[in-house]
Each structure stands twice: as structure tokens, then as C-alpha cells.
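One file, work_20.cif, carrying mmCIF, C-alpha atoms and all ligand atoms:
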```cif
data_data
loop_
_atom_site.group_PDB
_atom_site.id
_atom_site.type_symbol
_atom_site.label_atom_id
_atom_site.label_comp_id
_atom_site.auth_asym_id
_atom_site.auth_seq_id
_atom_site.Cartn_x
_atom_site.Cartn_y
_atom_site.Cartn_z
ATOM 1 C CA MET A 75 -77.515 36.029 196.853
ATOM 2 C CA ASP A 76 -76.152 37.752 199.929
ATOM 3 C CA ASN A 77 -78.466 40.499 201.174
ATOM 4 C CA LYS A 78 -75.641 41.949 203.263
ATOM 5 C CA LYS A 79 -74.189 43.242 199.999
ATOM 6 C CA ARG A 80 -77.243 45.466 199.440
ATOM 7 C CA ILE A 81 -75.737 48.433 201.220
ATOM 8 C CA THR A 82 -76.745 51.637 199.539
ATOM 9 C CA HIS A 83 -74.688 54.772 199.227
ATOM 10 C CA ILE A 84 -75.796 58.316 200.049
ATOM 11 C CA VAL A 85 -73.852 61.464 199.223
ATOM 12 C CA SER A 86 -73.014 63.457 202.367
ATOM 13 C CA THR A 87 -74.892 66.688 203.021
ATOM 14 C CA GLN A 88 -71.547 68.507 202.999
ATOM 15 C CA LYS A 89 -70.947 67.398 199.416
ATOM 16 C CA VAL A 90 -74.513 68.267 198.418
ATOM 17 C CA ASP A 91 -74.096 71.692 200.046
ATOM 18 C CA ARG A 92 -70.928 72.261 198.038
ATOM 19 C CA ILE A 93 -72.637 71.263 194.783
ATOM 20 C CA ILE A 94 -75.597 73.534 195.551
ATOM 21 C CA ALA A 95 -73.295 76.448 196.387
ATOM 22 C CA ASP A 96 -71.370 75.937 193.127
ATOM 23 C CA HIS A 97 -74.433 75.836 190.879
ATOM 24 C CA GLN A 98 -77.530 77.301 192.465
ATOM 25 C CA HIS A 99 -77.176 80.704 190.799
ATOM 26 C CA ASN A 100 -76.757 79.304 187.287
ATOM 27 C CA PRO A 101 -79.624 78.904 184.790
ATOM 28 C CA GLY A 102 -81.037 75.371 184.917
ATOM 29 C CA SER A 103 -79.378 74.909 188.289
ATOM 30 C CA LEU A 104 -81.737 72.190 189.541
ATOM 31 C CA LEU A 105 -80.891 69.894 186.633
ATOM 32 C CA THR A 106 -77.153 70.472 187.097
ATOM 33 C CA ILE A 107 -77.318 69.957 190.853
ATOM 34 C CA LEU A 108 -79.232 66.698 190.442
ATOM 35 C CA GLU A 109 -76.759 65.499 187.815
ATOM 36 C CA LYS A 110 -73.741 66.325 189.985
ATOM 37 C CA VAL A 111 -75.216 64.696 193.084
ATOM 38 C CA GLN A 112 -76.020 61.559 191.097
ATOM 39 C CA GLU A 113 -72.466 61.522 189.704
ATOM 40 C CA GLU A 114 -71.080 61.761 193.241
ATOM 41 C CA ASN A 115 -73.118 58.749 194.285
ATOM 42 C CA LYS A 116 -71.041 55.571 193.900
ATOM 43 C CA GLN A 117 -74.204 53.731 192.894
ATOM 44 C CA ASN A 118 -75.211 56.352 190.344
ATOM 45 C CA TYR A 119 -78.613 57.217 191.783
ATOM 46 C CA LEU A 120 -80.541 59.830 193.740
ATOM 47 C CA PRO A 121 -81.865 58.479 197.019
ATOM 48 C CA GLU A 122 -84.973 59.980 198.592
ATOM 49 C CA GLN A 123 -82.938 61.595 201.386
ATOM 50 C CA SER A 124 -80.829 63.512 198.864
ATOM 51 C CA LEU A 125 -83.891 64.637 196.913
ATOM 52 C CA ASP A 126 -85.667 65.813 200.055
ATOM 53 C CA TYR A 127 -82.567 67.698 201.126
ATOM 54 C CA ILE A 128 -82.087 69.356 197.727
ATOM 55 C CA ALA A 129 -85.771 70.376 197.573
ATOM 56 C CA ARG A 130 -85.551 71.886 201.058
ATOM 57 C CA GLU A 131 -82.299 73.741 200.398
ATOM 58 C CA LEU A 132 -83.523 75.151 197.074
ATOM 59 C CA GLN A 133 -86.957 75.923 198.547
ATOM 60 C CA LEU A 134 -88.688 73.860 195.894
ATOM 61 C CA SER A 135 -91.551 71.431 196.319
ATOM 62 C CA LYS A 136 -90.663 67.737 196.350
ATOM 63 C CA ALA A 137 -93.222 67.286 193.582
ATOM 64 C CA HIS A 138 -91.264 69.667 191.359
ATOM 65 C CA VAL A 139 -87.966 67.908 192.019
ATOM 66 C CA TYR A 140 -89.514 64.483 191.367
ATOM 67 C CA SER A 141 -91.135 65.721 188.155
ATOM 68 C CA VAL A 142 -87.660 66.622 186.853
ATOM 69 C CA ILE A 143 -86.205 63.271 187.911
ATOM 70 C CA THR A 144 -88.925 61.253 186.273
ATOM 71 C CA PHE A 145 -88.824 63.306 183.056
ATOM 72 C CA TYR A 146 -85.177 62.512 182.278
ATOM 73 C CA SER A 147 -84.300 58.867 181.816
ATOM 74 C CA PHE A 148 -80.674 59.351 182.907
ATOM 75 C CA PHE A 149 -81.747 59.956 186.494
ATOM 76 C CA ASN A 150 -82.010 56.868 188.667
ATOM 77 C CA LEU A 151 -84.101 56.474 191.796
ATOM 78 C CA LYS A 152 -82.541 53.127 192.683
ATOM 79 C CA PRO A 153 -78.907 52.041 193.122
ATOM 80 C CA GLN A 154 -77.293 51.015 189.847
ATOM 81 C CA GLY A 155 -74.793 48.278 189.163
ATOM 82 C CA LYS A 156 -71.092 48.834 188.536
ATOM 83 C CA HIS A 157 -71.727 47.898 184.894
ATOM 84 C CA THR A 158 -74.757 48.752 182.783
ATOM 85 C CA ILE A 159 -75.908 46.574 179.917
ATOM 86 C CA THR A 160 -78.578 48.025 177.639
ATOM 87 C CA VAL A 161 -80.336 45.789 175.131
ATOM 88 C CA CYS A 162 -82.191 47.247 172.164
ATOM 89 C CA ARG A 163 -85.736 45.985 171.759
ATOM 90 C CA GLY A 164 -86.464 47.830 168.519
ATOM 91 C CA THR A 165 -87.867 46.094 165.454
ATOM 92 C CA ALA A 166 -84.587 45.643 163.551
ATOM 93 C CA CYS A 167 -82.831 44.217 166.606
ATOM 94 C CA HIS A 168 -85.833 42.077 167.485
ATOM 95 C CA THR A 169 -85.819 40.609 163.981
ATOM 96 C CA ARG A 170 -82.138 39.782 164.380
ATOM 97 C CA GLY A 171 -82.400 38.035 167.716
ATOM 98 C CA SER A 172 -82.409 40.653 170.470
ATOM 99 C CA LYS A 173 -85.019 38.737 172.465
ATOM 100 C CA LYS A 174 -82.737 35.697 172.598
ATOM 101 C CA ILE A 175 -79.902 37.979 173.711
ATOM 102 C CA LEU A 176 -82.040 39.601 176.389
ATOM 103 C CA LEU A 177 -83.167 36.241 177.742
ATOM 104 C CA PHE A 178 -79.592 34.978 177.738
ATOM 105 C CA ILE A 179 -78.272 38.000 179.665
ATOM 106 C CA SER A 180 -81.195 37.816 182.083
ATOM 107 C CA SER A 181 -80.570 34.233 183.036
ATOM 108 C CA PHE A 182 -76.787 34.727 183.015
ATOM 109 C CA LEU A 183 -77.193 37.551 185.529
ATOM 110 C CA GLY A 184 -79.702 35.581 187.591
ATOM 111 C CA PHE A 185 -82.954 37.316 186.666
ATOM 112 C CA THR A 186 -86.038 35.251 185.966
ATOM 113 C CA LYS A 187 -88.075 35.458 182.774
ATOM 114 C CA ASN A 188 -90.938 36.873 184.868
ATOM 115 C CA GLN A 189 -88.723 39.618 186.274
ATOM 116 C CA ILE A 190 -87.787 40.644 182.761
ATOM 117 C CA GLU A 191 -91.308 40.501 181.383
ATOM 118 C CA GLN A 192 -92.783 42.391 184.328
ATOM 119 C CA ALA A 193 -89.982 44.919 184.749
ATOM 120 C CA THR A 194 -91.075 48.533 184.499
ATOM 121 C CA GLY A 195 -87.504 49.811 184.676
ATOM 122 C CA PRO A 196 -83.889 48.685 184.976
ATOM 123 C CA LEU A 197 -83.030 45.547 186.950
ATOM 124 C CA THR A 198 -79.915 45.396 189.132
ATOM 125 C CA THR A 199 -78.209 42.283 190.436
ATOM 126 C CA GLU A 200 -78.099 41.731 194.196
ATOM 127 C CA ASP A 201 -74.340 42.307 194.274
ATOM 128 C CA PHE A 202 -74.694 45.596 192.341
ATOM 129 C CA MET A 203 -72.334 44.348 189.656
ATOM 130 C CA PHE A 204 -74.782 44.733 186.750
ATOM 131 C CA THR A 205 -77.798 46.790 185.802
ATOM 132 C CA LEU A 206 -79.810 45.560 182.844
ATOM 133 C CA ARG A 207 -81.828 48.045 180.807
ATOM 134 C CA THR A 208 -83.682 48.023 177.539
ATOM 135 C CA VAL A 209 -84.049 50.782 174.992
ATOM 136 C CA ALA A 210 -86.533 51.306 172.148
ATOM 137 C CA CYS A 211 -83.816 51.914 169.521
ATOM 138 C CA PHE A 212 -80.195 53.064 169.501
ATOM 139 C CA GLY A 213 -80.641 54.540 166.039
ATOM 140 C CA GLN A 214 -78.086 52.065 164.671
ATOM 141 C CA CYS A 215 -80.502 49.586 163.157
ATOM 142 C CA ALA A 216 -78.148 48.571 160.315
ATOM 143 C CA LEU A 217 -75.841 47.135 162.985
ATOM 144 C CA ALA A 218 -78.552 45.013 164.635
ATOM 145 C CA PRO A 219 -78.603 43.377 167.028
ATOM 146 C CA VAL A 220 -77.053 46.163 169.049
ATOM 147 C CA ILE A 221 -76.304 46.396 172.758
ATOM 148 C CA ASP A 222 -74.520 48.961 174.877
ATOM 149 C CA ILE A 223 -72.203 47.999 177.710
ATOM 150 C CA ASP A 224 -70.947 50.865 179.866
ATOM 151 C CA ASN A 225 -71.538 53.370 177.050
ATOM 152 C CA LYS A 226 -69.767 51.269 174.420
ATOM 153 C CA ILE A 227 -71.854 50.032 171.501
ATOM 154 C CA TYR A 228 -71.512 46.393 170.403
ATOM 155 C CA SER A 229 -72.945 45.658 166.976
ATOM 156 C CA HIS A 230 -73.998 42.350 165.379
ATOM 157 C CA ILE A 231 -73.583 40.926 168.863
ATOM 158 C CA THR A 232 -73.902 37.185 169.450
ATOM 159 C CA VAL A 233 -74.676 35.252 172.622
ATOM 160 C CA GLU A 234 -71.162 33.752 172.569
ATOM 161 C CA GLN A 235 -69.462 37.168 172.368
ATOM 162 C CA LEU A 236 -71.700 38.461 175.106
ATOM 163 C CA LYS A 237 -70.964 35.531 177.379
ATOM 164 C CA SER A 238 -67.212 36.062 177.218
ATOM 165 C CA THR A 239 -67.588 39.836 177.612
ATOM 166 C CA ILE A 240 -69.742 39.511 180.739
ATOM 167 C CA GLU A 241 -67.467 36.832 182.180
ATOM 168 C CA SER A 242 -64.417 39.078 181.785
ATOM 169 C CA MET A 243 -66.327 41.973 183.402
ATOM 170 C CA ARG A 244 -67.142 39.726 186.340
ATOM 171 C CA ARG A 245 -63.472 38.888 186.768
ATOM 172 C CA SER A 246 -62.306 42.521 186.612
HETATM 173 S S1 LIG B 301 -83.805 48.641 166.396
HETATM 174 FE FE1 LIG B 301 -81.990 48.319 167.489
HETATM 175 S S2 LIG B 301 -80.728 49.955 166.930
HETATM 176 FE FE2 LIG B 301 -82.615 50.374 165.970
#
```

Render the structure in this file as C-alpha cells.
Amino acid sequence: MDNKKRITHIVSTQKVDRIIADHQHNPGSLLTILEKVQEENKQNYLPEQSLDYIARELQLSKAHVYSVITFYSFFNLKPQGKHTITVCRGTACHTRGSKKILLFISSFLGFTKNQIEQATGPLTTEDFMFTLRTVACFGQCALAPVIDIDNKIYSHITVEQLKSTIESMRRS
């Protein structure tokens, strides 16, 4: 894949300043500021530069800011894809074929089996079109196998349905 496409996005300090000014006096301001800065980022993540800047402006230690980021799973430290696919790896979904689904998506998106097995977090395609995540359980076990695509739940999903869904996302 083309490495030239791996351009990452950083929110301008002017925008971060505005977000800080809007929220820094509210309770839980750090969490809100981090959320808003991540939302502003086209690639839905918090780059190191932004975190360093926020820590400095709020007079907090970097360690404190990073401890918040790593505590909440919705914060991302790496650029995310335009679309996010989350596969459930819970027992009910596993019993009903989630591993086959995960392997299918992985190879369809160009990830190797090793990348999936050794991944310690989400994987994003080189073109930033897709991020692939797994979750322990969506709490919808009766609908297994379950996946989530861009915050929409798909139940009793099959490889065939998934293939056409991903293909249409690629075309859009
Ligand atoms: S195991 Fe998949 S939704 Fe619970």
C-alpha cells in the first residue's frame, strides 16, 4: 500500500486553545477537553503533540494526562480509519462463528493472521479507510454473532453480508 497516504492530522493549537478556554473551568474539564480535541481530529485520535500541549496549558503532568487516556478505551493514541469495524470475541459469538468472521475481515482488509493474533489494540489499514477492533462482549449475546460498524450493530452476521457491506463502504 502507498505510504504517502499515511499523513496524520493534528488539531491546531488555536483550536485546542479555544477548547481549553471553553471547558477548563468546568468539573472534569480534562476529560472533556481530551474528548473535544479528539473529536476535532479528522483521524479521531490524540497525537503526542496535542497531549503535551494540553498538559502544559493545564499545568498537569504528562503522566497524569496519559493515565486518563489509557484508562478510557474511547481515546485513541493512533490515527483511526474512516470506518470502524468491531468484532465481538465473547463466548456466544465465538461459538457462532466470530473467529471465522474476524479472519475474513482481516484478510479482506489486508491484515495478516499474525497481525491479528499479535495485535494489542486496534489495527488500521494503510489508507486509513478502516480500523478493526475487537470487544469482549456487546451484551447482545442472543443476537450472536454480533459486530458493530460505525456504531451500528449487525446481528446474526454472515461472511457474505459482511463482504457486501464492506465493499459498499469502500465504494462510498
Ligand atoms: S458474546 Fe458477543 S455479544 Fe455477547

Residues in the PyMOL selection byres (((not hetatm)) within 12 of (chain B and resi 301)), expressed as a PyMOL selection string: chain A and resi 160-173+208-222+227-231

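Here CA of Thr144 (chain A) and CA of Leu177 (chain A) stand 27.0 Å from one another.
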
Distance query region 235-243 of chain A at most 10 Å, all atoms listed in the file, self and fewer than 4 positions along chain excluded, as a PyMOL selection string: chain A and resi 156-157+159+175+178-179+182-183+203-204+221+223+228+230-231

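CA of Thr194 (chain A) is found 17.4 Å from CA of Tyr140 (chain A).
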
Computed interatomic separation between CA of Leu120 (chain A) and CA of Asn150 (chain A) (Å): 6.1 Å

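Closest approach to Asp224 (chain A) from the set A:Thr158, A:Leu176, A:Arg207, A:Val142 is made by A:Thr158, with distances taken over all atoms listed in the file.
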
Running the PyMOL selection byres (((chain A and resi 82) around 12) and not hetatm) on this model by hand, what would come out? Give it as a short mmCIF file (atom, residue, chain, number, x, y, z; two decimals) with C-alpha atoms, in the coordinates of the input.
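As written to disk, result02.cif reads:
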```
data_model
loop_
_atom_site.label_atom_id
_atom_site.label_comp_id
_atom_site.auth_asym_id
_atom_site.auth_seq_id
_atom_site.Cartn_x
_atom_site.Cartn_y
_atom_site.Cartn_z
CA ASN A 77 -78.47 40.50 201.17
CA LYS A 78 -75.64 41.95 203.26
CA LYS A 79 -74.19 43.24 200.00
CA ARG A 80 -77.24 45.47 199.44
CA ILE A 81 -75.74 48.43 201.22
CA HIS A 83 -74.69 54.77 199.23
CA ILE A 84 -75.80 58.32 200.05
CA VAL A 85 -73.85 61.46 199.22
CA ASN A 115 -73.12 58.75 194.28
CA LYS A 116 -71.04 55.57 193.90
CA GLN A 117 -74.20 53.73 192.89
CA ASN A 118 -75.21 56.35 190.34
CA TYR A 119 -78.61 57.22 191.78
CA LEU A 120 -80.54 59.83 193.74
CA PRO A 121 -81.86 58.48 197.02
CA GLU A 122 -84.97 59.98 198.59
CA GLN A 123 -82.94 61.60 201.39
CA LEU A 151 -84.10 56.47 191.80
CA LYS A 152 -82.54 53.13 192.68
CA PRO A 153 -78.91 52.04 193.12
CA GLN A 154 -77.29 51.02 189.85
CA GLY A 155 -74.79 48.28 189.16
CA GLU A 200 -78.10 41.73 194.20
CA ASP A 201 -74.34 42.31 194.27
CA PHE A 202 -74.69 45.60 192.34
#
```

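Among A:Glu113, A:Ala95, A:Lys174, A:Gln133, the residue with the shortest atom-to-atom distance to Val233 (chain A), counting all atoms listed in the file, is A:Lys174.
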
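Of the listed residues (A:Phe145, A:Thr87, A:Gly102, A:Gln192), A:Thr87 comes nearest to Leu125 (chain A); the distances count all atoms listed in the file.
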
Exercise: residues within 12 Å of coordinate (-77.4, 75.3, 193.2), counting only C-alpha atoms, as a VMD selection string: chain A and resid 89 to 111 128 to 134

Take every atom of region 122-134 of chain A listed in the file, pad by 4 Å on each side, and give me the axis-aligned box centre and edge lengths in Å, one decimal, as lines of an AutoDock Vina configuration file.
```
center_x = -84.8
center_y = 68.0
center_z = 198.6
size_x = 15.9
size_y = 23.9
size_z = 13.5
```

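Distance check against Glu114 (chain A) using only C-alpha atoms: of A:Tyr146, A:Ser86, A:Ser246, A:Lys187, the minimum falls on A:Ser86.
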